[in-house]
Every structure is written in C-alpha cells, then in structure tokens.
>>> print(open('entry-v2.txt').read())   # compact mmCIF, C-alpha atoms
# COMPACT_ATOMS: atom_id res chain seq x y z
CA MET A 87 106.16 78.58 175.32
CA LYS A 88 109.41 76.64 175.58
CA GLU A 89 110.98 76.43 179.00
CA LYS A 90 114.70 75.74 179.25
CA GLY A 91 115.55 73.73 182.33
CA THR A 92 112.43 74.60 184.33
CA GLN A 93 109.68 72.01 184.12
CA ILE A 94 106.54 74.05 184.61
CA LYS A 95 103.06 73.47 183.36
CA THR A 96 101.44 76.66 182.10
CA THR A 97 98.07 77.59 180.66
CA LYS A 98 97.53 78.70 177.08
CA ARG A 99 96.82 82.20 178.39
CA ILE A 100 100.25 82.41 180.04
CA ARG A 101 101.96 80.93 176.98
CA THR A 102 100.28 83.52 174.75
CA VAL A 103 101.31 86.36 177.05
CA CYS A 104 104.90 85.06 177.15
CA GLY A 105 104.97 84.81 173.37
CA ALA A 106 104.16 88.54 173.11
CA LEU A 107 106.99 89.62 175.44
CA GLY A 108 109.95 91.32 173.80
CA LYS A 109 113.59 91.89 174.63
CA CYS A 110 114.55 94.49 177.23
CA VAL A 111 117.21 95.29 179.81
CA LYS A 112 115.14 95.39 182.99
CA PHE A 113 111.80 93.58 183.16
CA ALA A 114 109.06 93.77 185.79
CA ASP A 115 106.07 91.48 186.29
CA VAL A 116 103.46 93.29 188.38
CA GLY A 117 101.07 90.90 190.09
CA CYS A 118 103.42 88.08 189.12
CA ASP A 119 101.47 85.19 190.70
CA HIS A 120 103.61 82.08 190.03
CA GLY A 121 106.38 83.97 188.20
CA TYR A 122 106.10 81.98 184.98
CA CYS A 123 106.53 85.00 182.70
CA THR A 124 109.67 86.14 184.50
CA ALA A 125 111.11 82.63 184.22
CA TYR A 126 110.38 82.71 180.50
CA MET A 127 112.12 86.07 180.07
CA LEU A 128 115.27 85.01 181.93
CA GLU A 129 115.57 81.49 180.57
CA ASN A 130 115.23 82.74 177.00
CA GLY A 131 117.72 85.58 177.41
CA LEU A 132 115.13 88.31 176.86
CA CYS A 133 116.22 90.46 179.83
CA GLU A 134 119.29 91.05 181.94
CA SER A 135 117.42 91.39 185.23
CA ALA A 136 113.87 91.31 186.51
CA GLN A 137 111.61 92.35 189.34
CA ILE A 138 108.58 90.47 190.54
CA SER A 139 105.88 92.04 192.67
CA ASP A 140 102.57 91.13 194.24
CA VAL A 141 100.40 92.47 197.04
CA SER A 142 100.22 88.96 198.48
CA ASP A 143 103.18 87.47 200.36
CA LYS A 144 101.72 84.03 199.67
CA CYS A 145 101.61 84.55 195.90
CA LEU A 146 105.07 86.10 195.92
CA ALA A 147 106.44 83.07 197.76
CA LYS A 148 105.31 80.81 194.88
CA ALA A 149 107.17 82.96 192.38
CA GLU A 150 110.23 83.14 194.63
CA LYS A 151 110.34 79.35 194.75
CA LEU A 152 110.24 79.07 190.96
CA LEU A 153 112.84 81.80 190.50
CA TYR A 154 115.09 80.84 193.42
CA LYS A 155 118.19 80.34 191.24
CA PHE A 156 117.84 83.77 189.63
CA ILE A 157 117.19 85.43 193.00
CA THR A 158 120.36 83.94 194.49
CA GLU A 159 122.29 85.11 191.41
CA GLY A 160 121.02 88.63 191.99
CA ARG A 161 119.13 88.75 188.70
CA VAL A 162 115.65 88.86 190.24
CA LYS A 163 114.42 91.25 192.91
CA SER A 164 111.24 90.29 194.77
CA VAL A 165 109.05 93.06 196.18
CA CYS A 166 105.78 92.77 198.09
CA CYS A 167 104.02 95.98 197.08
CA ASP A 168 100.91 97.50 195.54
CA GLY A 169 101.22 98.10 191.81
CA LEU A 170 104.39 99.87 190.75
CA THR A 171 105.19 101.34 194.16
CA GLY A 172 108.23 99.10 194.66
CA ILE A 173 109.32 98.86 191.02
CA GLU A 174 112.48 100.68 189.93
CA ARG A 175 111.76 103.58 187.59
CA ASP A 176 114.42 102.63 185.05
CA THR A 177 112.51 99.44 184.26
CA ASP A 178 111.94 99.50 180.51
CA LEU A 179 109.33 96.75 180.12
CA VAL A 180 106.45 96.13 182.52
CA LEU A 181 103.94 93.29 182.31
CA ILE A 182 100.56 93.63 184.01
CA ALA A 183 98.30 90.66 183.30
CA GLY A 184 95.12 89.30 184.83
CA MET A 185 93.81 92.53 186.37
CA GLY A 186 90.81 94.69 185.52
CA GLY A 187 91.35 97.60 183.13
CA GLU A 188 90.49 100.24 185.70
CA GLU A 189 92.96 98.72 188.16
CA ILE A 190 95.70 98.76 185.51
CA ILE A 191 95.02 102.44 184.80
CA LYS A 192 95.12 103.24 188.52
CA ILE A 193 98.49 101.49 188.89
CA LEU A 194 100.00 103.48 186.01
CA GLU A 195 98.49 106.79 187.11
CA GLU A 196 99.75 106.52 190.68
CA GLU A 197 103.42 105.80 189.97
CA PHE A 198 105.17 106.13 186.60
CA LEU A 199 104.74 105.34 182.93
CA PRO A 200 107.24 102.69 181.70
CA ASP A 201 108.68 102.92 178.20
CA LYS A 202 107.13 99.61 177.18
CA LEU A 203 104.05 97.80 178.42
CA LEU A 204 102.43 94.43 177.85
CA LEU A 205 98.93 94.48 179.30
CA GLN A 206 96.30 91.76 179.53
CA PRO A 207 93.23 93.39 181.08
CA MET A 208 90.37 91.15 182.17
CA LYS A 209 87.74 93.82 181.47
CA ASN A 210 87.34 97.50 180.51
CA THR A 211 89.94 97.19 177.76
CA GLU A 212 88.41 100.16 175.94
CA LYS A 213 89.35 102.39 178.88
CA VAL A 214 92.90 101.04 178.86
CA ARG A 215 93.30 101.80 175.15
CA LYS A 216 92.01 105.35 175.62
CA PHE A 217 94.33 105.94 178.59
CA LEU A 218 97.41 104.70 176.73
CA ILE A 219 96.76 106.82 173.66
CA GLU A 220 96.20 109.92 175.79
CA LYS A 221 99.55 109.27 177.51
CA GLY A 222 101.52 109.09 174.26
CA TYR A 223 101.71 105.32 173.75
CA GLU A 224 101.58 103.60 170.39
CA LEU A 225 99.71 100.30 170.44
CA PHE A 226 101.80 97.94 168.33
CA ARG A 227 99.67 94.88 169.09
CA ASP A 228 96.04 95.05 170.19
CA TYR A 229 94.04 91.89 169.74
CA THR A 230 91.77 89.24 171.27
CA PHE A 231 92.71 85.60 171.78
CA PHE A 232 90.87 82.55 173.10
CA ALA A 233 92.47 80.39 175.78
CA ASP A 234 91.30 77.96 178.42
CA GLY A 235 87.63 78.59 177.68
CA LYS A 236 87.74 82.40 177.80
CA PHE A 237 88.44 85.40 175.57
CA TYR A 238 91.27 87.74 176.53
CA ASP A 239 92.62 91.03 175.20
CA LEU A 240 96.34 91.68 174.84
CA ILE A 241 97.96 95.08 174.28
CA LYS A 242 101.61 95.70 173.48
CA ALA A 243 102.40 99.40 173.78
CA GLU A 244 105.42 101.69 173.64
CA ARG A 245 105.61 105.28 174.82
CA THR A 246 106.80 107.10 171.72
CA GLY A 247 104.94 110.39 172.20
CA LEU A 248 103.40 110.04 168.75
CA SER A 249 99.68 110.67 168.48
CA GLU A 250 97.81 107.56 167.36
CA ASN A 251 94.48 108.02 165.64
CA TYR A 252 92.08 105.51 167.19
CA THR A 253 88.44 105.63 166.12
CA GLU A 254 85.62 104.83 168.54
CA LEU A 255 85.29 101.38 166.96
CA MET A 256 89.01 100.73 167.39
CA LEU A 257 88.77 101.75 171.04
CA ARG A 258 85.88 99.35 171.60
CA TYR A 259 87.13 96.35 169.64
CA GLY A 260 90.89 96.69 169.18
CA LYS A 261 92.87 97.80 166.11
CA ASP A 262 94.22 94.38 165.09
CA ASN A 263 90.83 92.77 165.55
CA LEU A 264 89.32 95.14 162.99
CA PHE A 265 92.14 95.31 160.43
CA SER A 266 93.79 91.90 160.71
CA PRO A 267 91.16 89.79 162.49
CA SER A 268 91.72 86.27 163.75
CA ALA A 269 89.39 83.30 163.99
CA ASP A 270 89.33 83.87 167.76
CA PHE A 271 87.91 87.37 167.30
CA LEU A 272 85.25 86.00 164.94
CA LYS A 273 84.23 83.50 167.64
CA LYS A 274 83.99 86.31 170.17
CA LEU A 275 81.72 88.29 167.86
CA GLU A 276 79.51 85.21 167.41
CA ARG A 277 79.24 84.89 171.19
CA ASP A 278 78.47 88.58 171.63
CA ILE A 279 75.77 88.44 168.96
CA ARG A 280 74.12 85.46 170.70
CA ASN A 281 74.23 87.30 174.02
CA CYS A 282 72.73 90.41 172.46
CA GLU A 283 69.91 88.35 170.95
CA GLN A 284 69.09 86.95 174.39
CA TRP A 285 69.15 90.39 176.00
CA LEU A 286 66.86 91.78 173.29
CA ALA A 287 64.32 89.03 173.90
CA SER A 288 63.72 90.31 177.44
CA ALA A 289 64.63 93.99 177.02
CA ASN A 290 62.39 96.79 178.20
CA ALA A 291 61.65 99.86 176.10
CA ASP A 292 64.48 101.87 177.64
CA SER A 293 67.23 99.41 176.71
CA LYS A 294 65.80 97.98 173.47
CA GLN A 295 67.02 100.80 171.22
CA ARG A 296 70.54 100.64 172.67
CA LEU A 297 70.67 96.86 172.21
CA GLU A 298 69.38 97.07 168.64
CA SER A 299 72.12 99.56 167.84
CA LEU A 300 74.72 97.25 169.40
CA MET A 301 73.37 94.26 167.48
CA SER A 302 73.61 96.18 164.20
CA GLU A 303 77.20 97.17 164.97
CA LEU A 304 78.22 93.64 165.93
CA LYS A 305 76.70 92.12 162.78
CA GLU A 306 78.37 94.72 160.57
CA ILE A 307 81.78 94.03 162.12
CA TYR A 308 81.13 90.28 161.93
CA ASP A 309 80.39 90.45 158.18
CA GLU A 310 83.51 92.57 157.64
CA THR A 311 85.62 90.16 159.69
CA GLN A 312 84.38 87.16 157.73
CA GLY A 313 85.31 88.92 154.51
CA ASN A 314 88.81 89.71 155.77
CA LEU A 315 89.39 86.12 156.90
CA ARG A 316 88.25 84.81 153.50
CA GLY A 317 90.53 87.30 151.75
CA ASP A 318 87.65 89.00 149.94
CA ARG A 319 89.59 92.28 150.09
>>> encode(input="entry-v2.txt", output="structure tokens")
Amino acid sequence: MKEKGTQIKTTKRIRTVCGALGKCVKFADVGCDHGYCTAYMLENGLCESAQISDVSDKCLAKAEKLLYKFITEGRVKSVCCDGLTGIERDTDLVLIAGMGGEEIIKILEEEFLPDKLLLQPMKNTEKVRKFLIEKGYELFRDYTFFADGKFYDLIKAERTGLSENYTELMLRYGKDNLFSPSADFLKKLERDIRNCEQWLASANADSKQRLESLMSELKEIYDETQGNLRGDR
C-alpha cells in the first residue's frame, strides 16, 4: 500500500485489503475504524467520493481526523450508523472488513445489495459465499491470505445476476484456494491438519467419525494444493 501525502502506518491485513479495492464512483467503508482504506481510495484516485460509517462515535472520530481534508472538501461523508442504514443506495462499491460472516450477511439483508462488494469476514466465510451466490453475485476473487500472525479470507464480488456454480468444497474453502492456491493457503491447511490431529487424540465416539472424515478431506486438498504449487498439472 502506497500512501500519497498521508503518513500512516498500516498492518499487512489492511494493505492487502486496500490492494484488492477497485475503481468506482462512490465508495463506502462500513465499520471504517481508522479510515485507512478510504484514504487509500481517495489518495490513489480510485473513487470520486466516499462515505465512512461506524456504530462507534469514538472510532468514527479517528477516521474523521485522518480524512479531515477530504471531509472539508465535501468528498467524504461521515455517518454514525449501524451497517448500511446511513449509506446512500447509489454507492457502487462497499467494503466490509473485520466483522463476522453472520454479521456481514445481516447487514446486507437488512438494507440493500450494492453492485460491488469487498468483504473480509473474520469467520463463517462459507455462509457468506453461499449468501452471495444466492443473491446473484459472482465471486471474482475468493482466497485466503496470512497477515500479522493470522489467516484471513477475502472476497471480491459483483452482482451480475449470473448463476455461479459453487461446489460444497468451494463453499468451504474458497474457489481461488482450490484452483489457484497460494503458499498461505497451504500453511492454513497444515495448521488445520495439526488441529484436527489434536482433536482426534481426545475425541469421543460421537465426534471421532466426523473428525476422521474432515482429516481425510484436509489431507486430500493438501496433496492437491502441493501439486498445483509445484506445477505438477
């Protein structure tokens, strides 16, 4: 992430999210926290105007401080609200990052469905994928990355109305992770396999069969991922 004129120190997670943002007319950052992503959009000429929102006045004040110049120019509108309740409906790109998957779904269900979305759910990503596909979104990017000691999922979606054929495995693991895997996804699989081995060691009869099935699935995907990274196919 390259900032022009604004000296801010961001995490790798934020830089990765910013790098996935595309060009639009009107941008909205829901749950904006410090406002780094909105600063990135404006300073790099990726949007004409933006809205920042948060349920916390305190968090919003931090973003307002960072974006003061753009607010005074009338290019940024700051709204203290829950989800999309205060966001203008002609907004064509909405970012929602750092929230749980179920919370993201709730936000989208209760208000409106933007044309373009960049989502970074902290959990329940499978549910987010399923929701988006059911609502007519195509998932143009859907992958896992490692940043600041944690694994994160990132989904870039556009509401085209076209039906996208996602298998159960793609819903669980992400399309890009399965078909164009990264080293980060391989590391996540290694971690998940280790966790599954630990759970199996102390599992009771009721959960053992489920865990064995999960372990088999993880190892199969791991072997396939290794092959793809080596270029065996």
>>> residues_near_point(input="entry-v2.txt", point="(78.5, 87.8, 170.4)", cutoff="12 Å", atoms="only C-alpha atoms", output="JSON, numbers by chain")
{"A": [237, 270, 271, 272, 273, 274, 275, 276, 277, 278, 279, 280, 281, 282, 283, 284, 285, 300, 301, 302, 303, 304, 305, 307, 308]}
>>> closest_residue(input="entry-v2.txt", among="A:Met185, A:Ile193, A:Ile219, A:Leu240", to="Thr253 of chain A", atoms="all atoms listed in the file")
A:Ile219
>>> closest_residue(input="entry-v2.txt", among="A:Gly260, A:Gly247, A:Gly235, A:Gly108", to="Asn210 of chain A", atoms="all atoms listed in the file")
A:Gly260
>>> residues_around(input="entry-v2.txt", residues="Phe198 of chain A", least_positions_apart="3", cutoff="12 Å", atoms="all atoms listed in the file", output="ChimeraX atom specification")
/A:169-178,180,191-195,201-203,221,245
>>> residues_near_point(input="entry-v2.txt", point="(112.2, 90.0, 172.9)", cutoff="10 Å", atoms="all atoms listed in the file", output="count of residues only")
12
>>> atom_distance(input="entry-v2.txt", atom1="atom CA of Glu212 of chain A", atom2="atom CA of Ile241 of chain A")
10.9 Å
>>> atom_distance(input="entry-v2.txt", atom1="atom CA of Leu257 of chain A", atom2="atom CA of Ala114 of chain A")
26.3 Å
>>> closest_residue(input="entry-v2.txt", among="A:Ala149, A:Arg99, A:Glu250, A:Tyr154", to="Lys236 of chain A", atoms="only C-alpha atoms")
A:Arg99
>>> atom_distance(input="entry-v2.txt", atom1="atom CA of Ser142 of chain A", atom2="atom CA of Leu204 of chain A")
21.5 Å
>>> closest_residue(input="entry-v2.txt", among="A:Pro200, A:Leu218, A:Val116, A:Leu153", to="Cys167 of chain A", atoms="all atoms listed in the file")
A:Val116
>>> residues_around(input="entry-v2.txt", residues="Glu134 of chain A", least_positions_apart="5", cutoff="9 Å", atoms="only C-alpha atoms", output="NGL selection string")
:A and (110-113 or 127-128 or 161)
>>> closest_residue(input="entry-v2.txt", among="A:Ile182, A:Val162, A:Gly222, A:Leu152", to="Asp140 of chain A", atoms="only C-alpha atoms")
A:Ile182
>>> residues_around(input="entry-v2.txt", residues="segment 117-121 of chain A", least_positions_apart="2", cutoff="6 Å", atoms="only C-alpha atoms", output="list of chain:residue names")
A:Asp115, A:Cys123, A:Thr124, A:Ile138, A:Ser139, A:Asp140, A:Cys145, A:Lys148, A:Ala149
>>> write_last_selection(input="entry-v2.txt", atoms="C-alpha atoms", output="PDB file, in the frame of the given file")
ATOM      1  CA  ASP A 115     106.070  91.480 186.290  1.00  0.00           C
ATOM      2  CA  CYS A 123     106.530  85.000 182.700  1.00  0.00           C
ATOM      3  CA  THR A 124     109.670  86.140 184.500  1.00  0.00           C
ATOM      4  CA  ILE A 138     108.580  90.470 190.540  1.00  0.00           C
ATOM      5  CA  SER A 139     105.880  92.040 192.670  1.00  0.00           C
ATOM      6  CA  ASP A 140     102.570  91.130 194.240  1.00  0.00           C
ATOM      7  CA  CYS A 145     101.610  84.550 195.900  1.00  0.00           C
ATOM      8  CA  LYS A 148     105.310  80.810 194.880  1.00  0.00           C
ATOM      9  CA  ALA A 149     107.170  82.960 192.380  1.00  0.00           C
TER      10      ALA A 149
END
>>> decode(input="entry-v2.txt", residues="segment 141-156 of chain A", atoms="all heavy atoms", output="mmCIF file, in the first residue's frame")
data_model
loop_
_atom_site.group_PDB
_atom_site.id
_atom_site.type_symbol
_atom_site.label_atom_id
_atom_site.label_comp_id
_atom_site.auth_asym_id
_atom_site.auth_seq_id
_atom_site.Cartn_x
_atom_site.Cartn_y
_atom_site.Cartn_z
ATOM 1 N N VAL A 141 -20.518 2.205 14.089
ATOM 2 C CA VAL A 141 -21.514 2.325 15.162
ATOM 3 C C VAL A 141 -20.943 3.093 16.346
ATOM 4 O O VAL A 141 -21.676 3.516 17.231
ATOM 5 C CB VAL A 141 -22.009 0.945 15.638
ATOM 6 C CG1 VAL A 141 -22.807 0.251 14.553
ATOM 7 C CG2 VAL A 141 -20.830 0.062 16.071
ATOM 8 N N SER A 142 -19.627 3.263 16.357
ATOM 9 C CA SER A 142 -18.953 3.936 17.460
ATOM 10 C C SER A 142 -18.531 5.347 17.079
ATOM 11 O O SER A 142 -17.789 5.544 16.113
ATOM 12 C CB SER A 142 -17.719 3.126 17.893
ATOM 13 O OG SER A 142 -16.861 3.881 18.698
ATOM 14 N N ASP A 143 -19.004 6.335 17.827
ATOM 15 C CA ASP A 143 -18.576 7.724 17.609
ATOM 16 C C ASP A 143 -17.070 7.863 17.784
ATOM 17 O O ASP A 143 -16.413 8.625 17.064
ATOM 18 C CB ASP A 143 -19.286 8.655 18.603
ATOM 19 C CG ASP A 143 -20.710 8.961 18.180
ATOM 20 O OD1 ASP A 143 -20.936 9.167 16.983
ATOM 21 O OD2 ASP A 143 -21.586 8.987 19.055
ATOM 22 N N LYS A 144 -16.535 7.116 18.748
ATOM 23 C CA LYS A 144 -15.103 7.193 19.046
ATOM 24 C C LYS A 144 -14.274 6.702 17.865
ATOM 25 O O LYS A 144 -13.273 7.330 17.485
ATOM 26 C CB LYS A 144 -14.792 6.377 20.303
ATOM 27 C CG LYS A 144 -13.383 6.537 20.818
ATOM 28 C CD LYS A 144 -13.194 5.769 22.121
ATOM 29 C CE LYS A 144 -11.776 5.925 22.653
ATOM 30 N NZ LYS A 144 -11.577 5.171 23.918
ATOM 31 N N CYS A 145 -14.673 5.561 17.295
ATOM 32 C CA CYS A 145 -13.950 5.033 16.123
ATOM 33 C C CYS A 145 -14.104 5.961 14.933
ATOM 34 O O CYS A 145 -13.148 6.203 14.193
ATOM 35 C CB CYS A 145 -14.481 3.641 15.775
ATOM 36 S SG CYS A 145 -13.905 2.343 16.888
ATOM 37 N N LEU A 146 -15.296 6.495 14.753
ATOM 38 C CA LEU A 146 -15.551 7.394 13.629
ATOM 39 C C LEU A 146 -14.700 8.658 13.734
ATOM 40 O O LEU A 146 -14.223 9.190 12.729
ATOM 41 C CB LEU A 146 -17.036 7.742 13.594
ATOM 42 C CG LEU A 146 -17.633 8.175 12.249
ATOM 43 C CD1 LEU A 146 -17.360 7.139 11.164
ATOM 44 C CD2 LEU A 146 -19.123 8.412 12.398
ATOM 45 N N ALA A 147 -14.481 9.123 14.960
ATOM 46 C CA ALA A 147 -13.681 10.331 15.172
ATOM 47 C C ALA A 147 -12.237 10.120 14.695
ATOM 48 O O ALA A 147 -11.609 11.044 14.161
ATOM 49 C CB ALA A 147 -13.700 10.719 16.641
ATOM 50 N N LYS A 148 -11.706 8.904 14.863
ATOM 51 C CA LYS A 148 -10.349 8.611 14.399
ATOM 52 C C LYS A 148 -10.269 8.715 12.873
ATOM 53 O O LYS A 148 -9.319 9.268 12.321
ATOM 54 C CB LYS A 148 -9.930 7.216 14.863
ATOM 55 C CG LYS A 148 -9.706 7.094 16.352
ATOM 56 C CD LYS A 148 -9.204 5.721 16.744
ATOM 57 C CE LYS A 148 -10.256 4.654 16.592
ATOM 58 N NZ LYS A 148 -9.822 3.332 17.118
ATOM 59 N N ALA A 149 -11.294 8.156 12.208
ATOM 60 C CA ALA A 149 -11.321 8.215 10.753
ATOM 61 C C ALA A 149 -11.528 9.649 10.271
ATOM 62 O O ALA A 149 -10.926 10.079 9.275
ATOM 63 C CB ALA A 149 -12.433 7.315 10.213
ATOM 64 N N GLU A 150 -12.363 10.394 10.964
ATOM 65 C CA GLU A 150 -12.616 11.788 10.594
ATOM 66 C C GLU A 150 -11.340 12.632 10.692
ATOM 67 O O GLU A 150 -11.116 13.529 9.879
ATOM 68 C CB GLU A 150 -13.713 12.373 11.478
ATOM 69 C CG GLU A 150 -15.097 11.830 11.164
ATOM 70 C CD GLU A 150 -16.132 12.205 12.209
ATOM 71 O OE1 GLU A 150 -15.725 12.661 13.315
ATOM 72 O OE2 GLU A 150 -17.324 12.018 11.946
ATOM 73 N N LYS A 151 -10.519 12.325 11.674
ATOM 74 C CA LYS A 151 -9.253 13.047 11.827
ATOM 75 C C LYS A 151 -8.328 12.769 10.648
ATOM 76 O O LYS A 151 -7.706 13.685 10.087
ATOM 77 C CB LYS A 151 -8.587 12.634 13.143
ATOM 78 C CG LYS A 151 -7.295 13.375 13.432
ATOM 79 C CD LYS A 151 -6.711 12.962 14.775
ATOM 80 C CE LYS A 151 -5.405 13.697 15.063
ATOM 81 N NZ LYS A 151 -4.818 13.283 16.369
ATOM 82 N N LEU A 152 -8.226 11.503 10.267
ATOM 83 C CA LEU A 152 -7.373 11.122 9.149
ATOM 84 C C LEU A 152 -7.872 11.732 7.832
ATOM 85 O O LEU A 152 -7.080 12.163 6.990
ATOM 86 C CB LEU A 152 -7.325 9.597 9.016
ATOM 87 C CG LEU A 152 -6.513 9.048 7.840
ATOM 88 C CD1 LEU A 152 -5.023 9.298 8.044
ATOM 89 C CD2 LEU A 152 -6.780 7.571 7.642
ATOM 90 N N LEU A 153 -9.178 11.774 7.675
ATOM 91 C CA LEU A 153 -9.787 12.188 6.409
ATOM 92 C C LEU A 153 -10.283 13.636 6.431
ATOM 93 O O LEU A 153 -11.097 14.027 5.584
ATOM 94 C CB LEU A 153 -10.955 11.253 6.080
ATOM 95 C CG LEU A 153 -10.578 9.772 5.912
ATOM 96 C CD1 LEU A 153 -11.809 8.893 5.965
ATOM 97 C CD2 LEU A 153 -9.817 9.558 4.604
ATOM 98 N N TYR A 154 -9.794 14.415 7.383
ATOM 99 C CA TYR A 154 -10.300 15.780 7.583
ATOM 100 C C TYR A 154 -10.296 16.602 6.291
ATOM 101 O O TYR A 154 -11.273 17.280 5.960
ATOM 102 C CB TYR A 154 -9.472 16.483 8.663
ATOM 103 C CG TYR A 154 -9.880 17.918 8.894
ATOM 104 C CD1 TYR A 154 -11.038 18.228 9.603
ATOM 105 C CD2 TYR A 154 -9.114 18.969 8.381
ATOM 106 C CE1 TYR A 154 -11.422 19.552 9.809
ATOM 107 C CE2 TYR A 154 -9.490 20.284 8.577
ATOM 108 C CZ TYR A 154 -10.644 20.576 9.288
ATOM 109 O OH TYR A 154 -11.027 21.874 9.477
ATOM 110 N N LYS A 155 -9.205 16.541 5.546
ATOM 111 C CA LYS A 155 -9.088 17.325 4.312
ATOM 112 C C LYS A 155 -10.201 16.962 3.334
ATOM 113 O O LYS A 155 -10.838 17.843 2.742
ATOM 114 C CB LYS A 155 -7.723 17.078 3.665
ATOM 115 C CG LYS A 155 -7.517 17.838 2.366
ATOM 116 C CD LYS A 155 -6.203 17.496 1.696
ATOM 117 C CE LYS A 155 -6.262 16.120 1.059
ATOM 118 N NZ LYS A 155 -5.085 15.862 0.176
ATOM 119 N N PHE A 156 -10.450 15.668 3.176
ATOM 120 C CA PHE A 156 -11.466 15.226 2.217
ATOM 121 C C PHE A 156 -12.880 15.551 2.711
ATOM 122 O O PHE A 156 -13.776 15.809 1.905
ATOM 123 C CB PHE A 156 -11.338 13.725 1.965
ATOM 124 C CG PHE A 156 -10.022 13.338 1.342
ATOM 125 C CD1 PHE A 156 -9.069 12.657 2.080
ATOM 126 C CD2 PHE A 156 -9.744 13.660 0.022
ATOM 127 C CE1 PHE A 156 -7.865 12.297 1.506
ATOM 128 C CE2 PHE A 156 -8.537 13.314 -0.554
ATOM 129 C CZ PHE A 156 -7.587 12.628 0.180
#
